[in-house]
file input.csv (CSV, C-alpha atoms)
chain,number,residue,atom,x,y,z
A,1,MET,CA,-10.0,5.4,7.1
A,2,ARG,CA,-6.4,6.4,6.5
A,3,TYR,CA,-3.7,4.0,5.5
A,4,THR,CA,0.0,4.4,4.8
A,5,VAL,CA,0.9,3.6,1.2
A,6,VAL,CA,4.5,2.6,0.4
A,7,LEU,CA,5.6,3.4,-3.2
A,8,GLU,CA,8.6,1.7,-4.8
A,9,ARG,CA,9.9,1.7,-8.4
A,10,ASP,CA,10.4,-1.9,-9.6
A,11,PRO,CA,13.2,-2.9,-12.0
A,12,SER,CA,10.9,-2.5,-15.0
A,13,GLY,CA,10.2,1.1,-14.1
A,14,LEU,CA,6.6,0.6,-12.8
A,15,VAL,CA,5.6,2.3,-9.5
A,16,VAL,CA,4.4,-0.4,-7.1
A,17,ALA,CA,2.2,0.6,-4.2
A,18,HIS,CA,1.4,-1.5,-1.2
A,19,VAL,CA,-0.4,-1.0,2.1
A,20,PRO,CA,1.5,-2.7,5.1
A,21,THR,CA,-1.6,-2.7,7.3
A,22,LEU,CA,-3.6,-4.6,4.7
A,23,ARG,CA,-1.5,-7.7,3.9
A,24,GLY,CA,-1.4,-8.5,0.2
A,25,CYS,CA,-3.0,-5.2,-0.8
A,26,VAL,CA,-0.7,-4.2,-3.7
A,27,SER,CA,-1.2,-2.4,-7.0
A,28,GLN,CA,1.0,-0.6,-9.6
A,29,GLY,CA,1.0,2.0,-12.3
A,30,LYS,CA,3.3,3.5,-14.9
A,31,THR,CA,3.3,6.8,-12.9
A,32,LYS,CA,3.0,7.7,-9.2
A,33,ARG,CA,-0.4,9.2,-10.0
A,34,GLU,CA,-1.6,6.1,-11.7
A,35,ALA,CA,-0.3,3.8,-8.9
A,36,MET,CA,-2.1,6.0,-6.3
A,37,ARG,CA,-5.3,5.8,-8.2
A,38,ASN,CA,-5.0,2.1,-8.5
A,39,ILE,CA,-4.1,1.4,-4.9
A,40,LYS,CA,-7.0,3.5,-3.7
A,41,GLU,CA,-9.3,1.3,-5.7
A,42,ALA,CA,-7.5,-1.8,-4.4
A,43,ILE,CA,-8.0,-0.6,-0.8
A,44,SER,CA,-11.7,-0.1,-1.4
A,45,LEU,CA,-12.1,-3.6,-2.9
A,46,TYR,CA,-10.0,-5.2,-0.1
A,47,ILE,CA,-12.1,-3.6,2.6
A,48,GLU,CA,-15.4,-4.6,0.8
A,49,THR,CA,-14.2,-8.2,0.6
A,50,LEU,CA,-13.4,-8.3,4.3
A,51,ILE,CA,-16.8,-6.9,5.2
A,52,GLU,CA,-18.6,-9.4,2.8
A,53,HIS,CA,-16.8,-12.3,4.6
A,54,GLY,CA,-17.6,-11.0,8.1
A,55,GLN,CA,-14.0,-10.2,8.9
A,56,SER,CA,-12.8,-7.1,10.8
A,57,VAL,CA,-11.2,-4.3,8.9
A,58,PRO,CA,-7.6,-3.5,10.1
A,59,VAL,CA,-7.1,-0.1,11.6
A,60,GLU,CA,-3.7,1.5,11.3
A,61,THR,CA,-2.4,2.8,14.6
A,62,GLY,CA,1.0,4.0,15.8
A,63,ARG,CA,2.9,3.8,12.6
A,64,GLU,CA,6.1,5.8,12.3
A,65,MET,CA,8.0,6.0,9.0
A,66,VAL,CA,11.7,6.4,9.3
A,67,GLU,CA,14.2,6.6,6.3
A,68,LEU,CA,17.8,5.4,7.0
A,69,SER,CA,20.9,5.6,4.9
A,70,VAL,CA,23.5,2.9,5.6
A,71,VAL,CA,27.0,3.0,4.4
A,72,GLY,CA,28.9,-0.3,4.1
A,73,LYS,CA,32.7,-0.8,4.3
call {"tool": "encode", "arguments": {"input": "input.csv", "output": "structure tokens"}}
result
Amino acid sequence: MRYTVVLERDPSGLVVAHVPTLRGCVSQGKTKREAMRNIKEAISLYIETLIEHGQSVPVETGREMVELSVVGK
């Protein structure tokens, strides 16, 4: 399965990774590489837990990422 991962740097400098399709699936790392490694593990554990509890695994469909710049007055 493929999921979109959003990376953001928090105020302390850590890279926070979250998966919008998998609510609450969040991890972090000191570097982008570490955050990606950690979120990959978090996704696997998230999916395993859903399956163990007999819940369906969300499938990502139709996602489009757009970046906007907004200038205020």
call {"tool": "atom_distance", "arguments": {"input": "input.csv", "atom1": "CA of Glu60 (chain A)", "atom2": "CA of Leu22 (chain A)"}}
result
9.0 Å
call {"tool": "closest_residue", "arguments": {"input": "input.csv", "among": "A:Val6, A:Val16, A:Met1, A:Leu50", "to": "Met65 (chain A)", "atoms": "all atoms listed in the file"}}
result
A:Val6
call {"tool": "closest_residue", "arguments": {"input": "input.csv", "among": "A:Val71, A:Val57, A:Val15, A:Ile51", "to": "Ile39 (chain A)", "atoms": "all atoms listed in the file"}}
result
A:Val15
call {"tool": "closest_residue", "arguments": {"input": "input.csv", "among": "A:Leu14, A:Pro20, A:Gly62, A:Val26", "to": "Leu45 (chain A)", "atoms": "all atoms listed in the file"}}
result
A:Val26
call {"tool": "atom_distance", "arguments": {"input": "input.csv", "atom1": "CA of Glu34 (chain A)", "atom2": "CA of Glu52 (chain A)"}}
result
27.2 Å
call {"tool": "atom_distance", "arguments": {"input": "input.csv", "atom1": "CA of Gln55 (chain A)", "atom2": "CA of Ile43 (chain A)"}}
result
14.9 Å
call {"tool": "closest_residue", "arguments": {"input": "input.csv", "among": "A:Ser69, A:Gln28, A:Asn38, A:Thr61", "to": "Gly13 (chain A)", "atoms": "only C-alpha atoms"}}
result
A:Gln28
call {"tool": "closest_residue", "arguments": {"input": "input.csv", "among": "A:Lys30, A:Lys73, A:Arg23, A:Met36", "to": "Leu7 (chain A)", "atoms": "only C-alpha atoms"}}
result
A:Met36
call {"tool": "build_atoms", "arguments": {"input": "input.csv", "residues": "region 27-40 of chain A", "atoms": "N, CA and C atoms", "output": "PDB file, in the coordinates of the input"}}
result
ATOM      1  N   SER A  27      -0.803  -2.781  -5.652  1.00  0.00           N
ATOM      2  CA  SER A  27      -1.200  -2.400  -7.000  1.00  0.00           C
ATOM      3  C   SER A  27       0.029  -1.711  -7.641  1.00  0.00           C
ATOM      4  N   GLN A  28      -0.127  -1.276  -8.869  1.00  0.00           N
ATOM      5  CA  GLN A  28       1.000  -0.600  -9.600  1.00  0.00           C
ATOM      6  C   GLN A  28       0.472   0.322 -10.625  1.00  0.00           C
ATOM      7  N   GLY A  29       1.385   1.069 -11.199  1.00  0.00           N
ATOM      8  CA  GLY A  29       1.000   2.000 -12.300  1.00  0.00           C
ATOM      9  C   GLY A  29       2.308   2.439 -12.973  1.00  0.00           C
ATOM     10  N   LYS A  30       2.119   3.013 -14.147  1.00  0.00           N
ATOM     11  CA  LYS A  30       3.300   3.500 -14.900  1.00  0.00           C
ATOM     12  C   LYS A  30       3.821   4.800 -14.258  1.00  0.00           C
ATOM     13  N   THR A  31       2.954   5.530 -13.558  1.00  0.00           N
ATOM     14  CA  THR A  31       3.300   6.800 -12.900  1.00  0.00           C
ATOM     15  C   THR A  31       2.893   6.700 -11.418  1.00  0.00           C
ATOM     16  N   LYS A  32       3.407   7.609 -10.605  1.00  0.00           N
ATOM     17  CA  LYS A  32       3.000   7.700  -9.200  1.00  0.00           C
ATOM     18  C   LYS A  32       1.488   7.955  -9.128  1.00  0.00           C
ATOM     19  N   ARG A  33       1.029   8.848  -9.957  1.00  0.00           N
ATOM     20  CA  ARG A  33      -0.400   9.200 -10.000  1.00  0.00           C
ATOM     21  C   ARG A  33      -1.272   8.004 -10.285  1.00  0.00           C
ATOM     22  N   GLU A  34      -0.872   7.243 -11.296  1.00  0.00           N
ATOM     23  CA  GLU A  34      -1.600   6.100 -11.700  1.00  0.00           C
ATOM     24  C   GLU A  34      -1.588   4.997 -10.573  1.00  0.00           C
ATOM     25  N   ALA A  35      -0.426   4.808  -9.973  1.00  0.00           N
ATOM     26  CA  ALA A  35      -0.300   3.800  -8.900  1.00  0.00           C
ATOM     27  C   ALA A  35      -1.171   4.226  -7.701  1.00  0.00           C
ATOM     28  N   MET A  36      -1.227   5.510  -7.378  1.00  0.00           N
ATOM     29  CA  MET A  36      -2.100   6.000  -6.300  1.00  0.00           C
ATOM     30  C   MET A  36      -3.545   5.770  -6.574  1.00  0.00           C
ATOM     31  N   ARG A  37      -3.939   6.044  -7.788  1.00  0.00           N
ATOM     32  CA  ARG A  37      -5.300   5.800  -8.200  1.00  0.00           C
ATOM     33  C   ARG A  37      -5.683   4.345  -8.076  1.00  0.00           C
ATOM     34  N   ASN A  38      -4.768   3.497  -8.545  1.00  0.00           N
ATOM     35  CA  ASN A  38      -5.000   2.100  -8.500  1.00  0.00           C
ATOM     36  C   ASN A  38      -5.018   1.488  -7.108  1.00  0.00           C
ATOM     37  N   ILE A  39      -4.120   1.958  -6.235  1.00  0.00           N
ATOM     38  CA  ILE A  39      -4.100   1.400  -4.900  1.00  0.00           C
ATOM     39  C   ILE A  39      -5.311   1.893  -4.092  1.00  0.00           C
ATOM     40  N   LYS A  40      -5.813   3.070  -4.394  1.00  0.00           N
ATOM     41  CA  LYS A  40      -7.000   3.500  -3.700  1.00  0.00           C
ATOM     42  C   LYS A  40      -8.190   2.599  -4.058  1.00  0.00           C
TER      43      LYS A  40
END
